[in-house]
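*Asks:* The structure's right below; bear with me while I get my questions together.
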Amino acid sequence: FSSRRRHTRWPRDWSSDVCSSDLTVTGEQSGNWTTSYQYWVQDTVTFPEGDTLTIDAGVRVKFLAGAGMVCYGTLQANGTEDEHVLFTSKQPTPIPGDWDNIELYGENNVISYVDYEFATDGFSGDGASGSTFDHLTMVGSLSLTANGIVLTNSSNMSFTNNHISVAGEYGIFSENSPNSVVNNNEIIVLHSFLKINTPVKLTNPDNLMSIDTKVYKNANYPKIFNVVISQKIASILELDANNPFVEIIEIKKNKTFIAKKTNTYEEKEIRETS
């Protein structure tokens with residue numbers, strides 16, 4: 001699944017929040033996590049089948065290096081518009097990939113108004129039927145291989161109002177998931193590789209003029225951000241020669257990255273060198 005309707009909800013500013021104390025957690029967990037504590041996850045915690053962990057609005061959960069969550073029971077992260085739940089790194093200067101990820105293998109999970117930062121991967125799992133993801137914000141801080149949400153064999157799912165920007169293969173992927181709802185999500189997948197002959201749409205973000213074309217040469221990160229296009233296409237898009245930004249959408253999989261800078265070449269040059 002993927003949807004590209006834009007909304008503008010960004011992660012809240014957590015810098016001024018103060019909890020009364022910190023609580024280190026490890027091993028099996030269930031029950032209720034409240035704003036009385038900031039939770040420090042020391043290793044990979046698990047939720048047993050049949051149990052539920054409820055995380056209240058406004059709770060901050062910080063993961064030490066390599067830590068994560070594996071949920072065989074039910075995870076209910078009940079953030080609100082004013083009080084999000086935060087999953088983030090415990091490191092003083094966090095970087096992408098600081099902690100592992102959250103895996104869901106139980107049904108009826110609730111992920112509502114959650115900010116998800118600095119993990120190796122997004123949500124993954126199997127058999128998570130009946131789960132809802134609403135107003136999940138996962139924007140640009142995960143590892144370069146991270147997907148957003150990847151679940152399999154999970155029916156009656158709901159993905160709404162989520163803002164996901166990742167560099168892996170998928171924003172939202174849910175295979176074998178009948179009777180599921182996908183609506184009003186913003187999904188941006190930052191490519192690390194484009195293959196030759198990949199169909200793409202080029203768009204000038206300044207005037208929204210666009211054209212469909214194909215990639216003529218394999219492009220790897222970081223060279224992918226120095227996209228070369230013909231002068232003919234540059235003219236059609238009315239690109240500014242001094243500031244030639246372009247958005248490229250892979251048509252087949254509907255994934256987007258923003259090229260920071262482009263160059264142009266003569267159309268004749270393609271025919272001579274291809």
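So you can find residues: chains in the structure tokens are A, B, ... in the order shown, residues in each start at 1, and ligands are numbered from 1 in order.
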Give me the residues within 9 Å of A:Asp100 as a list in words, counting only C-alpha atoms and dropping any in the same chain fewer than 3 places off.
*Replies:*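 Near A:Asp100, the qualifying residues are Thr44, Phe63, Ala65, Gly66, Ala67, Gly68, Met69, Gly97, Phe118, Ala119, Thr120, Asp121 and Gly122 of chain A.
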*Asks:* Can you pull out every residue within 7 Å of stretch 163-173 of chain A, counting only C-alpha atoms, but drop anything in the same chain fewer than 3 positions away, and send it as a ChimeraX atom specification?
*Replies:* /A:1-2,135-140,142,144-151,185-192
*Asks:* Tell me, in Å to one decimal, how far atom CA of A:Asn242 is from atom CA of A:Lys214.
*Replies:*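 These two atoms are separated by 24.1 Å.
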*Asks:* Please determine, counting only C-alpha atoms, which residue among A:Pro205, A:Gly79, A:Gly73, A:Gly27 has the shortest atom-to-atom distance to A:Glu103.
*Replies:*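 Between A:Pro205, A:Gly79, A:Gly73, A:Gly27, the residue approaching A:Glu103 most closely is A:Gly73.
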*Asks:* Quick one: residues within 10 Å of A:Thr152, only C-alpha atoms counted, chain neighbours fewer than 6 positions away excluded, as a list in words?
*Replies:* Tyr105, Ser124, Gly125, Asp126, Gly127, Ala128, Ser129, Phe173, Ser174, Glu175, Asn176 and Ser177 of chain A
*Asks:* Can those selected residues be exported to a file as a compact mmCIF listing (two decimals), in the first residue's frame so that it contains N, CA and C atoms?
*Replies:*
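Everything below was put into again36.txt:
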# COMPACT_ATOMS: atom_id res chain seq x y z
N TYR A 105 3.86 -9.19 16.39
CA TYR A 105 3.39 -10.53 16.05
C TYR A 105 2.06 -10.86 16.74
N SER A 124 7.93 -3.83 11.88
CA SER A 124 7.89 -5.03 11.06
C SER A 124 7.13 -6.11 11.83
N GLY A 125 6.80 -7.22 11.13
CA GLY A 125 6.13 -8.31 11.83
C GLY A 125 5.21 -9.11 10.94
N ASP A 126 4.40 -9.95 11.58
CA ASP A 126 3.53 -10.88 10.87
C ASP A 126 2.34 -11.21 11.78
N GLY A 127 1.17 -11.42 11.18
CA GLY A 127 0.01 -11.81 11.96
C GLY A 127 -0.50 -10.73 12.90
N ALA A 128 -0.38 -9.48 12.48
CA ALA A 128 -0.79 -8.35 13.34
C ALA A 128 -2.19 -7.86 12.98
N SER A 129 -3.10 -8.76 12.65
CA SER A 129 -4.43 -8.40 12.19
C SER A 129 -5.16 -7.48 13.16
N PHE A 173 4.16 -1.40 3.52
CA PHE A 173 4.02 -2.63 2.76
C PHE A 173 3.30 -3.63 3.65
N SER A 174 2.15 -4.13 3.19
CA SER A 174 1.40 -5.10 3.97
C SER A 174 0.86 -6.16 3.02
N GLU A 175 1.58 -7.28 2.95
CA GLU A 175 1.24 -8.35 2.01
C GLU A 175 0.22 -9.29 2.64
N ASN A 176 -0.71 -9.77 1.79
CA ASN A 176 -1.76 -10.67 2.25
C ASN A 176 -2.54 -10.06 3.40
N SER A 177 -3.09 -8.87 3.15
CA SER A 177 -3.79 -8.11 4.19
C SER A 177 -5.16 -7.65 3.68
*Asks:* Could you please write out, as a PyMOL selection string, every residue of stretch 37-220 of chain A that DSSP assigns to strand (DSSP E)?
*Replies:* chain A and resi 37-41+44-47+52-55+60-63+68-71+74-78+85-89+102-104+110-116+123-126+132-139+149-152+158-160+163-166+172-175+181-183+186-189+193-194+199-203+210-214+219-220
